>>> print(open('work_14.txt').read())   # compact mmCIF, C-alpha atoms
# COMPACT_ATOMS: atom_id res chain seq x y z
CA MET Q 1 14.01 78.17 -86.84
CA SER Q 2 12.98 80.90 -89.28
CA PHE Q 3 15.47 82.32 -91.79
CA PHE Q 4 13.14 85.11 -92.95
CA GLU Q 5 11.11 87.76 -91.14
CA ILE Q 6 7.51 87.12 -92.07
CA ASP Q 7 4.59 88.83 -90.33
CA PRO Q 8 2.75 86.31 -88.08
CA ARG Q 9 -0.50 87.02 -89.91
CA LEU Q 10 1.11 86.00 -93.19
CA SER Q 11 2.51 82.88 -91.53
CA ALA Q 12 -1.02 81.96 -90.45
CA LEU Q 13 -2.30 82.50 -93.99
CA ASP Q 14 0.60 80.40 -95.30
CA ARG Q 15 -0.67 77.42 -93.30
CA LYS Q 16 -4.23 78.05 -94.46
CA ALA Q 17 -3.17 78.29 -98.12
CA LEU Q 18 -1.32 74.97 -97.88
CA ALA Q 19 -4.39 73.31 -96.41
CA LEU Q 20 -6.59 74.75 -99.15
CA ALA Q 21 -4.22 73.53 -101.89
CA LYS Q 22 -3.85 69.95 -100.61
CA GLU Q 23 -6.28 68.39 -103.11
CA GLN Q 24 -4.80 70.34 -106.05
CA PHE Q 25 -1.27 69.30 -105.06
CA ALA Q 26 -2.31 65.64 -105.16
CA GLU Q 27 -3.67 66.05 -108.70
CA ILE Q 28 -0.48 67.87 -109.79
CA ASP Q 29 1.57 64.95 -108.44
CA ARG Q 30 -0.56 62.50 -110.43
CA VAL Q 31 -0.07 64.37 -113.72
CA THR Q 32 3.62 64.88 -112.98
CA GLU Q 33 4.13 61.14 -112.53
CA TYR Q 34 2.33 60.42 -115.80
CA ASN Q 35 4.43 62.93 -117.75
CA GLN Q 36 7.67 61.84 -116.10
CA GLN Q 37 7.00 58.26 -117.14
CA LYS Q 38 6.17 59.46 -120.67
CA VAL Q 39 9.52 61.25 -120.93
CA LEU Q 40 11.46 58.36 -119.38
CA ALA Q 41 9.83 55.92 -121.81
CA ALA Q 42 10.89 58.12 -124.74
CA PHE Q 43 14.50 58.22 -123.50
CA ILE Q 44 14.53 54.43 -123.17
CA ARG Q 45 12.80 53.88 -126.52
CA HIS Q 46 15.49 55.89 -128.32
CA ARG Q 47 18.35 54.19 -126.47
CA VAL Q 48 19.98 57.32 -125.08
CA SER Q 49 23.62 56.77 -124.16
CA GLU Q 50 26.69 58.80 -123.22
CA ALA Q 51 27.44 59.11 -126.93
CA HIS Q 52 24.36 61.31 -127.36
CA LEU Q 53 25.44 63.81 -124.71
CA GLY Q 54 28.50 65.17 -126.48
CA GLY Q 55 28.54 68.10 -128.87
CA SER Q 56 29.51 69.01 -132.38
CA THR Q 57 31.22 72.03 -133.95
CA GLY Q 58 31.31 73.66 -137.35
CA TYR Q 59 28.37 72.60 -139.51
CA GLY Q 60 27.26 69.94 -137.06
CA TYR Q 61 26.69 67.27 -139.69
CA GLY Q 62 25.75 63.86 -138.29
CA ASP Q 63 25.19 65.01 -134.70
CA ILE Q 64 23.45 61.88 -133.34
CA GLY Q 65 22.70 63.60 -130.03
CA ARG Q 66 20.82 66.41 -131.77
CA GLU Q 67 18.92 64.03 -134.02
CA THR Q 68 17.92 61.64 -131.24
CA LEU Q 69 16.80 64.48 -128.96
CA GLU Q 70 14.51 65.72 -131.71
CA HIS Q 71 12.92 62.25 -131.96
CA ILE Q 72 12.40 62.24 -128.18
CA MET Q 73 10.86 65.71 -128.25
CA ALA Q 74 8.46 64.64 -130.98
CA ASP Q 75 7.34 61.68 -128.86
CA CYS Q 76 6.84 63.88 -125.79
CA MET Q 77 4.74 66.36 -127.76
CA GLY Q 78 2.61 63.70 -129.48
CA ALA Q 79 4.06 64.79 -132.84
CA GLU Q 80 5.51 63.15 -135.95
CA ASP Q 81 8.67 65.23 -135.93
CA ALA Q 82 10.42 68.03 -134.04
CA LEU Q 83 13.23 70.55 -134.07
CA ILE Q 84 14.91 71.35 -130.75
CA ARG Q 85 17.86 73.74 -130.86
CA HIS Q 86 19.80 75.85 -128.38
CA SER Q 87 20.24 78.45 -131.15
CA PHE Q 88 16.65 79.68 -131.01
CA ALA Q 89 17.09 83.00 -129.19
CA SER Q 90 13.69 83.06 -127.48
CA GLY Q 91 10.18 81.72 -127.65
CA THR Q 92 9.20 84.60 -129.91
CA HIS Q 93 12.10 83.81 -132.25
CA THR Q 94 10.99 80.16 -132.36
CA LEU Q 95 7.40 81.14 -133.14
CA SER Q 96 8.63 83.56 -135.79
CA VAL Q 97 10.64 80.83 -137.52
CA ALA Q 98 7.59 78.57 -137.51
CA LEU Q 99 5.28 81.28 -138.90
CA PHE Q 100 7.71 82.27 -141.65
CA GLY Q 101 8.16 78.58 -142.43
CA LEU Q 102 4.43 78.05 -142.88
CA LEU Q 103 3.29 81.27 -144.56
CA ARG Q 104 3.90 82.70 -148.03
CA PRO Q 105 3.05 86.06 -149.65
CA ASN Q 106 -0.70 86.72 -149.82
CA ASP Q 107 -1.42 83.95 -147.31
CA ARG Q 108 -3.76 84.75 -144.45
CA VAL Q 109 -3.19 83.92 -140.79
CA LEU Q 110 -6.16 84.03 -138.43
CA CYS Q 111 -5.56 84.32 -134.69
CA LEU Q 112 -8.37 82.44 -132.94
CA THR Q 113 -7.57 83.79 -129.47
CA GLY Q 114 -7.86 87.55 -129.89
CA ARG Q 115 -4.95 89.98 -129.88
CA PRO Q 116 -1.67 88.09 -129.27
CA TYR Q 117 0.82 89.14 -126.61
CA ASP Q 118 3.12 92.12 -126.96
CA THR Q 119 6.35 90.63 -128.35
CA ILE Q 120 4.70 88.68 -131.19
CA ILE Q 121 2.80 91.71 -132.49
CA GLY Q 122 5.90 92.93 -134.32
CA VAL Q 123 6.35 89.53 -136.01
CA PHE Q 124 2.86 89.72 -137.48
CA GLY Q 125 3.33 93.42 -138.30
CA ILE Q 126 0.04 94.28 -136.62
CA ASP Q 127 1.24 97.72 -135.55
CA GLY Q 128 2.63 98.50 -139.02
CA SER Q 129 6.02 99.53 -137.68
CA SER Q 130 8.20 96.40 -137.74
CA ASP Q 131 10.79 95.96 -140.48
CA GLY Q 132 10.91 92.39 -141.74
CA SER Q 133 7.50 91.42 -140.35
CA LEU Q 134 5.13 88.97 -141.98
CA ALA Q 135 3.12 91.97 -143.20
CA ASP Q 136 6.21 93.22 -145.03
CA PHE Q 137 6.22 89.94 -146.94
CA GLY Q 138 2.56 90.26 -147.90
CA VAL Q 139 1.05 87.99 -145.26
CA ILE Q 140 -2.42 89.12 -144.18
CA TYR Q 141 -3.21 89.06 -140.46
CA ASP Q 142 -6.69 88.79 -138.99
CA GLU Q 143 -8.06 87.89 -135.58
CA VAL Q 144 -11.29 86.92 -133.87
CA ALA Q 145 -11.87 88.81 -130.63
CA LEU Q 146 -12.51 86.82 -127.48
CA THR Q 147 -15.92 86.71 -125.87
CA PRO Q 148 -16.56 89.00 -122.86
CA ASP Q 149 -15.56 86.15 -120.50
CA GLY Q 150 -12.20 85.77 -122.25
CA LYS Q 151 -12.99 82.59 -124.20
CA PRO Q 152 -12.57 81.93 -127.94
CA ASP Q 153 -15.62 83.01 -129.93
CA LEU Q 154 -16.55 79.77 -131.72
CA SER Q 155 -19.28 81.40 -133.76
CA GLY Q 156 -16.99 84.25 -134.83
CA ILE Q 157 -14.23 81.79 -135.73
CA ARG Q 158 -16.61 79.73 -137.86
CA GLN Q 159 -17.73 82.88 -139.66
CA ALA Q 160 -14.15 84.07 -140.27
CA LEU Q 161 -13.05 80.69 -141.63
CA THR Q 162 -16.07 80.54 -143.92
CA ALA Q 163 -15.69 84.10 -145.24
CA GLN Q 164 -12.18 83.71 -146.67
CA GLU Q 165 -9.42 81.19 -147.26
CA VAL Q 166 -7.12 80.90 -144.25
CA GLN Q 167 -3.74 79.19 -144.50
CA VAL Q 168 -2.84 79.20 -140.77
CA ALA Q 169 -5.11 79.25 -137.73
CA TYR Q 170 -3.03 80.52 -134.82
CA ILE Q 171 -3.84 79.67 -131.21
CA GLN Q 172 -2.12 81.28 -128.22
CA ARG Q 173 -2.45 78.86 -125.33
CA SER Q 174 -1.23 81.20 -122.60
CA ARG Q 175 -2.63 84.60 -121.73
CA GLY Q 176 0.31 86.96 -122.24
CA TYR Q 177 -0.24 90.27 -120.43
CA SER Q 178 -3.99 89.84 -120.28
CA THR Q 179 -6.36 88.55 -117.64
CA ARG Q 180 -8.18 86.13 -119.93
CA PRO Q 181 -7.99 82.43 -118.98
CA SER Q 182 -5.28 80.29 -120.51
CA LEU Q 183 -6.55 77.50 -122.73
CA THR Q 184 -6.73 73.92 -121.56
CA VAL Q 185 -5.95 71.10 -123.96
CA GLU Q 186 -9.66 70.26 -124.01
CA GLU Q 187 -10.44 73.79 -125.24
CA ILE Q 188 -7.67 73.57 -127.85
CA GLU Q 189 -9.19 70.29 -129.04
CA ALA Q 190 -12.55 72.00 -129.56
CA LEU Q 191 -10.87 74.71 -131.65
CA CYS Q 192 -9.01 72.09 -133.72
CA LYS Q 193 -12.22 70.20 -134.43
CA LEU Q 194 -13.93 73.42 -135.51
CA VAL Q 195 -11.12 74.35 -137.91
CA GLU Q 196 -10.98 70.81 -139.34
CA GLU Q 197 -14.73 70.85 -139.91
CA VAL Q 198 -14.97 74.29 -141.55
CA SER Q 199 -11.58 74.61 -143.25
CA PRO Q 200 -9.73 71.26 -143.35
CA GLN Q 201 -6.88 72.64 -145.47
CA THR Q 202 -5.95 75.22 -142.81
CA VAL Q 203 -2.84 74.48 -140.74
CA ILE Q 204 -3.45 74.74 -136.98
CA MET Q 205 -0.49 76.20 -135.10
CA VAL Q 206 -0.34 76.53 -131.30
CA ASP Q 207 1.91 78.80 -129.30
CA ASN Q 208 2.52 76.26 -126.53
CA CYS Q 209 4.70 78.48 -124.31
CA TYR Q 210 4.11 77.88 -120.56
CA GLY Q 211 1.82 74.91 -121.29
CA GLU Q 212 4.11 71.92 -121.80
CA PHE Q 213 3.61 69.05 -119.32
CA VAL Q 214 0.84 70.90 -117.45
CA GLU Q 215 -1.63 68.23 -118.58
CA GLU Q 216 -1.31 64.64 -119.73
CA LYS Q 217 -1.96 65.57 -123.37
CA GLU Q 218 -0.31 68.17 -125.61
CA PRO Q 219 -1.98 70.10 -128.46
CA CYS Q 220 -0.65 67.74 -131.16
CA ASP Q 221 -2.40 64.88 -129.35
CA VAL Q 222 -5.76 66.55 -130.01
CA GLY Q 223 -5.43 67.82 -133.57
CA ALA Q 224 -2.91 70.67 -133.71
CA ASP Q 225 -0.64 70.47 -136.75
CA LEU Q 226 2.28 72.38 -135.23
CA VAL Q 227 3.35 73.63 -131.79
CA ALA Q 228 6.29 75.74 -130.70
CA GLY Q 229 7.77 76.93 -127.45
CA SER Q 230 10.81 78.04 -125.47
CA LEU Q 231 13.37 75.89 -123.66
CA ILE Q 232 13.86 78.46 -120.90
CA LYS Q 233 10.24 77.85 -120.02
CA ASN Q 234 8.70 74.45 -119.23
CA PRO Q 235 10.49 71.93 -121.48
CA GLY Q 236 14.02 73.06 -120.54
CA GLY Q 237 13.47 72.09 -116.92
CA GLY Q 238 15.46 75.05 -115.62
CA ILE Q 239 18.64 73.45 -117.02
CA ALA Q 240 18.62 74.33 -120.73
CA PRO Q 241 20.54 77.62 -121.05
CA SER Q 242 18.65 78.80 -124.14
CA GLY Q 243 16.69 77.51 -127.09
CA GLY Q 244 13.31 76.50 -128.40
CA TYR Q 245 11.44 73.71 -130.15
CA ILE Q 246 8.98 73.21 -133.00
CA ALA Q 247 6.99 69.97 -133.24
CA GLY Q 248 4.19 68.61 -135.37
CA ARG Q 249 3.51 67.15 -138.80
CA GLN Q 250 6.71 66.05 -140.50
CA ASP Q 251 6.16 68.06 -143.69
CA LEU Q 252 5.49 71.24 -141.72
CA VAL Q 253 8.52 70.73 -139.47
CA GLU Q 254 10.65 70.37 -142.62
CA ARG Q 255 9.35 73.70 -143.93
CA CYS Q 256 10.27 75.32 -140.63
CA ALA Q 257 13.73 73.73 -140.74
CA HIS Q 258 14.43 75.40 -144.08
CA ARG Q 259 13.53 78.74 -142.52
CA MET Q 260 15.57 77.98 -139.39
CA THR Q 261 18.80 77.62 -141.40
CA CYS Q 262 18.42 78.01 -145.16
CA ALA Q 263 16.56 76.50 -148.07
CA GLY Q 264 18.14 73.31 -149.31
CA VAL Q 265 19.99 72.62 -146.05
CA GLY Q 266 17.37 72.70 -143.32
CA ARG Q 267 17.88 70.56 -140.23
CA GLU Q 268 21.06 68.83 -141.38
CA VAL Q 269 23.26 71.57 -139.96
CA GLY Q 270 23.52 73.24 -136.59
CA ALA Q 271 26.42 72.51 -134.27
CA THR Q 272 25.35 71.75 -130.70
CA LEU Q 273 28.58 73.16 -129.19
CA GLY Q 274 28.43 71.01 -126.07
CA HIS Q 275 24.82 71.85 -125.15
CA ASN Q 276 23.37 68.38 -125.75
CA ARG Q 277 23.87 67.25 -122.16
CA GLU Q 278 22.01 70.31 -120.80
CA LEU Q 279 19.14 69.93 -123.26
CA TYR Q 280 18.73 66.21 -122.53
CA LEU Q 281 18.88 66.72 -118.77
CA GLY Q 282 16.52 69.69 -118.96
CA LEU Q 283 13.90 67.79 -120.96
CA PHE Q 284 14.19 64.81 -118.62
CA SER Q 285 13.69 67.07 -115.57
CA ALA Q 286 10.89 69.12 -117.13
CA PRO Q 287 7.79 67.24 -115.87
CA HIS Q 288 8.95 67.42 -112.25
CA VAL Q 289 9.94 71.08 -112.48
CA VAL Q 290 6.62 71.97 -114.13
CA GLY Q 291 4.87 70.23 -111.25
CA GLU Q 292 6.79 72.38 -108.76
CA ALA Q 293 5.87 75.51 -110.72
CA LEU Q 294 2.20 74.50 -110.74
CA LYS Q 295 2.24 74.00 -106.98
CA THR Q 296 3.72 77.48 -106.62
CA ALA Q 297 0.95 78.95 -108.78
CA VAL Q 298 -1.80 77.16 -106.85
CA TYR Q 299 -0.29 78.26 -103.53
CA THR Q 300 -0.04 81.88 -104.71
CA ALA Q 301 -3.68 81.84 -105.77
CA ALA Q 302 -4.73 80.44 -102.39
CA LEU Q 303 -2.62 82.91 -100.37
CA PHE Q 304 -3.49 86.09 -102.28
CA GLY Q 305 -7.10 84.99 -102.67
CA GLU Q 306 -7.33 84.79 -98.89
CA LEU Q 307 -5.83 88.29 -98.75
CA GLY Q 308 -8.74 89.53 -100.86
CA TYR Q 309 -7.02 89.98 -104.22
CA SER Q 310 -8.41 88.93 -107.57
CA VAL Q 311 -6.41 85.92 -108.77
CA ALA Q 312 -6.63 84.01 -112.03
CA PRO Q 313 -6.91 81.11 -112.06
CA ARG Q 314 -8.36 80.56 -108.59
CA PHE Q 315 -6.50 77.92 -106.59
CA ASP Q 316 -9.09 75.23 -107.36
CA GLU Q 317 -9.58 75.98 -111.07
CA LYS Q 318 -8.25 73.80 -113.89
CA ARG Q 319 -5.04 75.19 -115.38
CA GLY Q 320 -3.74 75.37 -118.93
CA ASP Q 321 -0.32 76.78 -118.06
CA ILE Q 322 2.01 77.60 -115.15
CA ILE Q 323 1.12 81.31 -114.94
CA GLU Q 324 -0.71 82.91 -112.04
CA CYS Q 325 -2.12 86.41 -112.46
CA VAL Q 326 -2.56 88.49 -109.29
CA THR Q 327 -4.35 91.81 -109.75
CA LEU Q 328 -2.74 94.17 -107.25
CA GLY Q 329 -4.70 97.31 -108.08
CA SER Q 330 -1.95 99.92 -107.81
CA GLU Q 331 1.48 100.75 -109.15
CA GLU Q 332 2.85 100.69 -105.60
CA GLY Q 333 1.47 97.22 -104.99
CA LEU Q 334 2.89 95.83 -108.24
CA VAL Q 335 6.33 97.31 -107.64
CA ALA Q 336 6.43 96.08 -104.02
CA PHE Q 337 5.28 92.59 -105.06
CA CYS Q 338 8.08 92.24 -107.63
CA ARG Q 339 10.70 93.68 -105.28
CA GLY Q 340 9.72 91.24 -102.55
CA MET Q 341 9.87 88.29 -104.90
CA GLN Q 342 13.29 89.38 -106.13
CA SER Q 343 14.50 89.43 -102.53
CA GLY Q 344 13.70 85.72 -102.27
CA ALA Q 345 15.62 84.72 -105.40
CA PRO Q 346 18.75 82.53 -105.20
CA VAL Q 347 20.54 84.83 -107.66
CA ASP Q 348 20.61 88.65 -107.44
CA SER Q 349 18.41 88.76 -104.34
CA PHE Q 350 20.00 92.11 -103.44
CA VAL Q 351 18.91 93.75 -106.70
CA VAL Q 352 15.97 96.19 -106.48
CA PRO Q 353 13.77 95.88 -109.60
CA GLU Q 354 12.83 99.13 -111.32
CA PRO Q 355 10.29 99.67 -114.13
CA TRP Q 356 11.97 100.11 -117.53
CA ASP Q 357 11.12 100.46 -121.21
CA MET Q 358 11.55 96.82 -122.20
CA PRO Q 359 11.91 96.17 -125.97
CA GLY Q 360 8.68 94.93 -127.52
CA TYR Q 361 6.35 96.48 -124.92
CA ASP Q 362 4.32 99.69 -125.06
CA ASP Q 363 4.43 100.41 -121.31
CA PRO Q 364 7.25 100.32 -118.74
CA VAL Q 365 7.62 96.81 -117.32
CA ILE Q 366 8.82 95.77 -113.88
CA MET Q 367 10.31 92.32 -113.55
CA ALA Q 368 11.54 90.14 -110.71
CA ALA Q 369 13.84 87.51 -112.18
CA GLY Q 370 16.63 86.28 -109.93
CA ALA Q 371 17.43 83.28 -112.08
CA PHE Q 372 20.37 81.02 -112.89
CA THR Q 373 19.50 81.47 -116.57
CA GLY Q 374 18.71 85.00 -117.69
CA GLY Q 375 14.99 85.42 -118.39
CA ALA Q 376 14.14 81.80 -117.56
CA SER Q 377 10.48 81.96 -116.62
CA ILE Q 378 10.42 78.35 -115.46
CA GLU Q 379 12.42 79.74 -112.55
CA LEU Q 380 10.44 81.85 -110.09
CA SER Q 381 9.73 85.21 -111.66
CA ALA Q 382 7.05 87.88 -111.75
CA ASP Q 383 6.51 90.79 -114.04
CA GLY Q 384 3.91 93.14 -115.36
CA PRO Q 385 3.44 96.37 -117.28
CA LEU Q 386 2.76 99.54 -115.31
CA ARG Q 387 -0.78 100.00 -116.53
CA PRO Q 388 -4.19 99.23 -115.03
CA PRO Q 389 -5.18 96.86 -113.52
CA TYR Q 390 -1.58 96.66 -112.24
CA ALA Q 391 -1.41 92.89 -112.32
CA ALA Q 392 1.60 90.68 -111.69
CA TRP Q 393 2.05 87.65 -113.90
CA MET Q 394 3.95 85.14 -111.81
CA GLN Q 395 5.38 81.88 -113.05
CA GLY Q 396 7.92 79.23 -112.30
CA GLY Q 397 9.67 77.83 -109.30
CA LEU Q 398 12.38 75.17 -109.67
CA ASN Q 399 11.31 73.76 -106.33
CA PHE Q 400 8.15 74.58 -104.44
CA HIS Q 401 9.61 75.16 -100.99
CA SER Q 402 12.00 77.85 -102.20
CA ALA Q 403 9.38 79.41 -104.47
CA LYS Q 404 6.84 79.53 -101.64
CA THR Q 405 9.30 81.63 -99.65
CA GLY Q 406 9.57 84.05 -102.57
CA VAL Q 407 5.78 84.40 -102.68
CA LEU Q 408 5.62 85.10 -98.93
CA LEU Q 409 8.36 87.70 -99.27
CA ALA Q 410 6.37 89.38 -102.05
CA ALA Q 411 3.42 89.72 -99.66
CA GLN Q 412 5.73 90.89 -96.85
CA SER Q 413 7.21 93.56 -99.14
CA MET Q 414 3.74 94.84 -99.99
CA LEU Q 415 2.89 94.97 -96.28
CA GLU Q 416 6.04 96.97 -95.47
CA ALA Q 417 5.35 99.34 -98.38
CA GLY Q 418 1.84 100.03 -97.08
CA ALA Q 419 0.33 98.42 -100.17
CA LEU Q 420 -1.22 95.41 -98.44
CA HIS Q 421 -3.93 95.63 -95.82
CA PHE Q 422 -5.32 92.71 -93.85
CA SER Q 423 -9.04 92.34 -93.43
CA ASN Q 424 -10.46 92.48 -89.92
CA GLU Q 425 -11.08 88.73 -90.08
CA VAL Q 426 -7.39 88.04 -90.80
CA ASN Q 427 -6.32 90.47 -88.07
CA ARG Q 428 -8.46 88.57 -85.56
CA GLU Q 429 -6.85 85.29 -86.58
>>> encode(input="work_14.txt", output="structure tokens")
Amino acid sequence: MSFFEIDPRLSALDRKALALAKEQFAEIDRVTEYNQQKVLAAFIRHRVSEAHLGGSTGYGYGDIGRETLEHIMADCMGAEDALIRHSFASGTHTLSVALFGLLRPNDRVLCLTGRPYDTIIGVFGIDGSSDGSLADFGVIYDEVALTPDGKPDLSGIRQALTAQEVQVAYIQRSRGYSTRPSLTVEEIEALCKLVEEVSPQTVIMVDNCYGEFVEEKEPCDVGADLVAGSLIKNPGGGIAPSGGYIAGRQDLVERCAHRMTCAGVGREVGATLGHNRELYLGLFSAPHVVGEALKTAVYTAALFGELGYSVAPRFDEKRGDIIECVTLGSEEGLVAFCRGMQSGAPVDSFVVPEPWDMPGYDDPVIMAAGAFTGGASIELSADGPLRPPYAAWMQGGLNFHSAKTGVLLAAQSMLEAGALHFSNEVNRE
């Protein structure tokens, strides 16, 4: 029995995509099991009990649930220490707290991965228009452009680190709204070794958004001094309602804690307001949910690759994050893709996405996001700016079987809008 009307040609490609992805799915299951055992071991090591799942109010002094969860998060990220709080408003807010915690007036931050994504540009003050940016406080921003194939320019980075003193080397693991490859942990390790060799006093910070639990190792395992990310992405497991985390060297985490609240108080305050249970359960569920999201990404790459679209990564390429980029080639195709995916969401399936001027972006953005938690990109979502090459950045999927339906409905929507055309070979099949 079919609950959705899918063109028979798409149904045939669905079966082909699943067959193509079989080997990749097996590898995802292997990594998922490893990471799930890592998280379970951390929960057991820190003797989690019902007492940790309650909340605190007011100042939040002595919240054992909050403190123990931060120890667990540090273990999961291969770090000495961590902050994990529901009160971080977004991943960008979390990264901003970390950057302001690390940097001081006249310090220099060097981005090793080219121009960062749209929403963090205002934090650095790159565009010169953001009140309260790092630039306003005298922090100097510089970057090393990527090579033509979208990889970090190791020679250019070495030259930049040699030419001037750099306090923070910033690495963006994921791609943002670009088509460059996301970084694997192995590539991050190479960057860390280069920085340590040329400028050992420089702090290495990684924007780890979308990358947690994708591989067996995390950036702190291979030399990063600090990582940060969002709880409504990978590490919240689709259960955390908000928040973010910072993890790394203990002294650096302490500096960030004093920026998170205030100097002299730091991490000792911060009421959890009943959110501990959700944050614990979300972190515990995260490896499995990330595995489901990875399967969705691999399947999407296989399906749309067979349809003739440019996809990145390809279904059989190694992945550094959960994001799949599908270049659709036209505004009509991008809009139809997002509308179809929205129609397969468990929440707000009846809503028709429209492009809008989203804060922090230079171009109108269209977004499919029928999620239980607003903006949670670990749940199935797709979005992209209305500018060439009209690509959709798709991520998430709490469970693969539901997410796969959303991907098929995205293709069906494009077909009905006249924005998808089958090749003669597919038509014959």
>>> residues_near_point(input="work_14.txt", point="(7.0, 92.5, -128.4)", cutoff="7 Å", atoms="all atoms listed in the file", output="list of chain:residue names")
Q:Asp118, Q:Thr119, Q:Ile120, Q:Ile121, Q:Gly122, Q:Pro359, Q:Gly360, Q:Tyr361
>>> write_last_selection(input="work_14.txt", atoms="C-alpha atoms", output="PDB file, in the coordinates of the input")
ATOM      1  CA  ASP Q 118       3.120  92.120-126.960  1.00  0.00           C
ATOM      2  CA  THR Q 119       6.350  90.630-128.350  1.00  0.00           C
ATOM      3  CA  ILE Q 120       4.700  88.680-131.190  1.00  0.00           C
ATOM      4  CA  ILE Q 121       2.800  91.710-132.490  1.00  0.00           C
ATOM      5  CA  GLY Q 122       5.900  92.930-134.320  1.00  0.00           C
ATOM      6  CA  PRO Q 359      11.910  96.170-125.970  1.00  0.00           C
ATOM      7  CA  GLY Q 360       8.680  94.930-127.520  1.00  0.00           C
ATOM      8  CA  TYR Q 361       6.350  96.480-124.920  1.00  0.00           C
TER       9      TYR Q 361
END
>>> closest_residue(input="work_14.txt", among="Q:Pro235, Q:Gly244, Q:Gly138, Q:Gly223", to="Q:Val97", atoms="only C-alpha atoms")
Q:Gly244
>>> closest_residue(input="work_14.txt", among="Q:Ala297, Q:Met358, Q:Leu408, Q:Ala419", to="Q:Val335", atoms="all atoms listed in the file")
Q:Ala419
>>> closest_residue(input="work_14.txt", among="Q:Ile84, Q:Leu194, Q:Leu183, Q:Cys262", to="Q:His71", atoms="all atoms listed in the file")
Q:Ile84
>>> residues_near_point(input="work_14.txt", point="(-16.2, 89.5, -131.5)", cutoff="8 Å", atoms="all atoms listed in the file", output="JSON, numbers by chain")
{"Q": [144, 145, 146, 147, 153, 156]}
>>> closest_residue(input="work_14.txt", among="Q:Pro8, Q:Gly128, Q:Gly211, Q:Gly266", to="Q:Gly396", atoms="only C-alpha atoms")
Q:Gly211
>>> closest_residue(input="work_14.txt", among="Q:Thr68, Q:Ser155, Q:Thr184, Q:Thr261", to="Q:Arg47", atoms="all atoms listed in the file")
Q:Thr68
>>> closest_residue(input="work_14.txt", among="Q:Ala12, Q:Ala41, Q:Ile239, Q:Ala403", to="Q:Met341", atoms="only C-alpha atoms")
Q:Ala403
>>> atom_distance(input="work_14.txt", atom1="atom CA of Q:Thr113", atom2="atom CA of Q:Glu143")
7.4 Å
